[in-house]
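Novice: Please find one structure pasted underneath; my questions will follow.
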Amino acid sequence: MAAQGVKKQGSLTFNQRRNNMSNFLMKKSWVISFVSVLTLSVVLTACGGSKEASGQKVTLTYWNGFTGPDRPAYEELVKQFNDKHPNIQVTMDISPWDALLAKLPTSLASGQGPDIASFDSSLIPQYAKGNLILPVDDIYGKGIDQNVMAKSLVEAMKYNDKLYAVPANTATLLMYYNKDLFKAAGIAAPPSTWAEWQDAILKTTKTNGTDKQYGLVLADHATIPMWPILIWGNGGDILSSDHKKSMLNDSKTVEALKIWADLVANKGISPVNLTGGDADKIFASGKAAMEINGPWMAAGLSGVNFGVAPVPAGPAGKATLANAVAMVIGKNTKHKNEVYEFMKFWNSADAQAYLSSKSGFPPTRTDLNDNAQVKSNPLIPQFAAVANDSRFYLAGLEQFSKIDSDIFTPAIQAITNNKGTVEATMADASKKLDALLSGK
């Protein structure tokens with residue numbers, strides 16, 4: 001589930017929409033190895049933009065991976081900034097995210113990197129720890145108001161309690177549902193509680209015969225994480241709030257996983273071992289009644305009579321997942337003040353309303369739900385409305401990749417494939433996580 005807009009894009013294929021990570025979590029790149037910088041093969045020079053001969057104009061370089069169908073929206077926003085700031089001109093270097101991430105660390109370390117860069121917010125700890133980017137605490141409250149941003153979004157811009165980024169974009173997840181399958185099952189409205197949700201899931205699951213139908217498709221790898229939402233809804237978590245202790249063996253976590261693993265493994269509500277792409281295809285083919293997904297999904301559902309609703313509230317209350325692409329400052333920039341002007345503009349009300357209306361993603365601000373541009377796409381306010389109920393998965397953790405790929409995902413796959421009890425599996429995973437957190 002990568003960043004894409006919710007507006008239909010002509011003959012744009014579903015996979016093209018999915019691969020546009022620019023707007024939400026590089027869907028297949030949640031687990032990204034940070035490129036180690038061991039050898040620098042280029043000569044150390046000044047970073048990014050430089051003043052022109054007149055001494056009046058500053059040129060800033062901005063590296064990002066906004067290669068998808070909504071690339072024109074990002075380019076237009078930069079043009080708007082340049083038009084309004086004749087003495088500060090931003091040039092964008094746009095390349096696929098994997099190519100960007102392969103060259104960015106070395107370039108920043110050598111001093112030849114950009115003034116500004118964007119990447120998934122989960123990578124902030126690696127770049128901050130490596131001293132490749134500058135802290136930006138002083139821009140908040142002096143041009144960017146964190147009070148109009150979801151608290152979880154601001155927290156995701158931090159490493160070790162210091163702010164190192166501003167959001168370039170953000171998105172949340174909602175529950176997509178097939179209206180026709182709901183009608184056939186006698187379900188009048190989307191569920192709002194776990195009890196209603198589980199009832200609707202079972203009513204729309206057909207396990208007999210060759211024409212199978214699934215109540216809720218749940219991906220477990222190569223996807224935006226869905227299982228943490230189920231854990232949060234029951235009051236459990238992956239880590240303690242201080243990130244020092246595993247919560248995988250917590251009673252609320254185990255209880256949630258027992259409920260949902262049983263529905264998958266024994267009730268057949270979803271196939272097992274699904275990637276995010278697999279889950280999307282099943283829902284888009286009309287063979288699943290529900291899926292948890294982001295705003296990009298809508299563009300691939302032209303043949304499905306669908307609606308969206310908040311993920312039903314669990315015993316602990318409402319919860320959903322969010323993610324963001326971060327905007328950071330290269331450590332060697334000579335134009336921090338000018339970069340700040342660009343960051344302020346990018347997160348201004350006018351700029352965010354425009355970008356949201358063109359990309360299909362909710363704005364980075366929570367005060368624009370009644371904005372006419374934002375409301376021009378009826379789905380955007382719905383994704384924006386759950387921002388304050390959203391949480392980021394393993395935000396601010398250097399060990400993000402290891403926790404996700406080596407501990408959490410294998411544990412989920414084990415319990416959904418009935419390869420051990422939930423209690424034993426999560427106890428083992430919890431020991432591994434505590435060992436990782438303690439550096440053992």
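Just so we're on the same page: first chain in the structure tokens is A, next is B, and so on; residues restart at 1 for each chain, and ligands are numbered from 1 in the order they show up.
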Using only C-alpha atoms, find each residue in stretch 139-193 of chain A having at least one atom no more than 9 Å away from stretch 344-358 of chain A; report its shortest atom-to-atom pair and that distance in Å (one decimal), rows by chain then rising number, as CSV.

Specialist:
```
residue,atom,partner,partner_atom,distance
A:Ile139,CA,A:Lys344,CA,8.1
A:Lys142,CA,A:Lys344,CA,8.9
A:Gly143,CA,A:Lys344,CA,5.6
A:Ile144,CA,A:Lys344,CA,5.8
A:Val166,CA,A:Asn347,CA,8.2
A:Pro167,CA,A:Asn347,CA,7.7
A:Ala168,CA,A:Trp346,CA,7.5
A:Asn169,CA,A:Gln352,CA,8.8
```

Novice: Restricting the calculation to only C-alpha atoms: of A:Pro114, A:Gln126, A:Asp404, A:Asp138, which residue gets closest to A:Thr223?

Specialist: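 Nearest candidate to A:Thr223 out of A:Pro114, A:Gln126, A:Asp404, A:Asp138: A:Asp404.
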
Novice: Just want the 7 Å neighbourhood of stretch 261-267 of chain A, counted on only C-alpha atoms, with same-chain residues fewer than 6 positions away dropped. Output as a list in words.

Specialist: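 In the requested form, the answer reads Ile415, Thr416, Asn417 and Asn418 of chain A.
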
Novice: With a distance cut-off of 12 Å and only C-alpha atoms, select the neighbouring residues of A:Leu437, excluding the residue or stretch itself and same-chain residues fewer than 6 positions from it, and output the selection as a VMD selection string.

Specialist: chain A and resid 239 to 240 242 to 247 397 to 400 402 to 403 407 430 to 431

Novice: Would you save the residues from that selection as a tab-separated table (two decimals), in the first residue's frame, using N, CA, C and O atoms?

Specialist:
```tsv
chain	number	residue	atom	x	y	z
A	239	LEU	N	5.47	-2.30	22.06
A	239	LEU	CA	6.47	-1.82	23.01
A	239	LEU	C	5.82	-0.98	24.09
A	239	LEU	O	4.75	-0.40	23.90
A	240	SER	N	6.50	-0.86	25.21
A	240	SER	CA	6.07	0.06	26.25
A	240	SER	C	6.23	1.49	25.75
A	240	SER	O	6.95	1.75	24.78
A	242	ASP	N	7.90	3.91	26.78
A	242	ASP	CA	9.28	4.43	26.78
A	242	ASP	C	10.20	3.64	25.85
A	242	ASP	O	11.41	3.88	25.80
A	243	HIS	N	9.62	2.68	25.12
A	243	HIS	CA	10.37	1.88	24.14
A	243	HIS	C	11.46	1.02	24.77
A	243	HIS	O	12.39	0.59	24.10
A	244	LYS	N	11.34	0.74	26.05
A	244	LYS	CA	12.38	-0.03	26.73
A	244	LYS	C	11.99	-1.47	27.02
A	244	LYS	O	12.84	-2.28	27.40
A	245	LYS	N	10.71	-1.80	26.83
A	245	LYS	CA	10.25	-3.13	27.21
A	245	LYS	C	9.23	-3.65	26.20
A	245	LYS	O	8.39	-2.90	25.70
A	246	SER	N	9.32	-4.93	25.94
A	246	SER	CA	8.37	-5.57	25.03
A	246	SER	C	6.98	-5.64	25.66
A	246	SER	O	6.83	-5.87	26.86
A	247	MET	N	5.97	-5.43	24.82
A	247	MET	CA	4.57	-5.61	25.24
A	247	MET	C	3.92	-6.77	24.49
A	247	MET	O	2.71	-6.96	24.56
A	397	LEU	N	12.33	4.46	16.21
A	397	LEU	CA	13.20	3.38	16.70
A	397	LEU	C	14.29	3.03	15.69
A	397	LEU	O	14.00	2.75	14.52
A	398	GLU	N	15.52	3.01	16.16
A	398	GLU	CA	16.62	2.61	15.29
A	398	GLU	C	16.47	1.15	14.85
A	398	GLU	O	16.88	0.78	13.76
A	399	GLN	N	15.89	0.33	15.72
A	399	GLN	CA	15.78	-1.11	15.43
A	399	GLN	C	14.50	-1.45	14.67
A	399	GLN	O	14.07	-2.61	14.66
A	400	PHE	N	13.88	-0.48	14.04
A	400	PHE	CA	12.62	-0.68	13.34
A	400	PHE	C	12.64	-1.93	12.46
A	400	PHE	O	11.77	-2.79	12.56
A	402	LYS	N	14.63	-4.59	12.28
A	402	LYS	CA	14.81	-5.88	12.95
A	402	LYS	C	13.57	-6.29	13.72
A	402	LYS	O	13.18	-7.46	13.71
A	403	ILE	N	12.94	-5.34	14.39
A	403	ILE	CA	11.74	-5.66	15.16
A	403	ILE	C	10.65	-6.16	14.22
A	403	ILE	O	9.98	-7.16	14.47
A	407	ILE	N	11.12	-10.23	14.21
A	407	ILE	CA	10.37	-10.62	15.41
A	407	ILE	C	8.87	-10.56	15.20
A	407	ILE	O	8.17	-11.58	15.33
A	430	SER	N	8.54	-12.04	22.65
A	430	SER	CA	8.78	-11.00	23.65
A	430	SER	C	10.19	-11.08	24.20
A	430	SER	O	10.85	-10.06	24.42
A	431	LYS	N	10.68	-12.31	24.45
A	431	LYS	CA	12.05	-12.49	24.93
A	431	LYS	C	13.06	-11.96	23.91
A	431	LYS	O	14.04	-11.30	24.26
```

Novice: So, with only C-alpha atoms as the atoms that count, which of A:Ala222, A:Thr61, A:Gln112, A:Ala387 lies closest to A:Arg365?

Specialist: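 Ranked by minimum distance to A:Arg365, first place goes to A:Ala387.
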
Novice: Enumerate the residues of stretch 132-171 of chain A with a DSSP assignment of strand (DSSP E), computed from the backbone, and present them as a ChimeraX atom specification.

Specialist: /A:158-159,162-163,166-171

Novice: Taking into account only C-alpha atoms, which residue in the set A:Met226, A:Leu77, A:Ala435, A:Ala171 is nearest to A:Ala384?

Specialist: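 Closest to A:Ala384, using only C-alpha atoms: A:Ala171.
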
Novice: If we count only C-alpha atoms, what is near A:Ala200 at a cut-off of 8 Å, once residues fewer than 3 positions away on the same chain are taken out, given as a list in words?

Specialist: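 Listing them by chain and then by number gives Phe182, Ile187, Pro191, Glu196, Trp197, Lys203, Thr204 and Gly215 of chain A.
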
Novice: Just the residues within 10 Å of A:Gly307, please, counting only C-alpha atoms, with nothing from its chain fewer than 4 positions along; format it as a PyMOL selection string.

Specialist: chain A and resi 174-179+190+290+298+379

Novice: If you measure from atom CA of A:Phe119 to atom CA of A:Val328, what distance in Å do you get, rounded to one decimal?

Specialist: 8.5 Å

Novice: As a count of residues only, please: all residues of stretch 62-260 of chain A that backbone DSSP puts in alpha helix (DSSP H).

Specialist: 73

Novice: Of the candidates A:Asp211, A:Asp370, A:Glu423, A:Asp406, which shows the shortest atom-to-atom distance to A:Glu255, using only C-alpha atoms?

Specialist: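 The answer is A:Glu423, which sits nearest to A:Glu255.
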
Novice: What's around A:Ile133 at 10 Å? Count only C-alpha atoms, leave out sequence neighbours fewer than 4 positions away in its own chain, and write the answer as number ranges by chain.

Specialist: A: 105, 108-109, 115-117, 124, 126-129, 164-165, 328-333

Novice: Which residue gives the smallest distance to A:Asp434 among A:Asn249, A:Pro362, A:Ala414, A:Glu76, with only C-alpha atoms counted?

Specialist: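 Going through A:Asn249, A:Pro362, A:Ala414, A:Glu76 one by one, the smallest distance to A:Asp434 is for A:Asn249.
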
Novice: What does the distance between atom CA of A:Tyr340 and atom CA of A:Phe81 come to in Å, to one decimal place?

Specialist: 12.3 Å
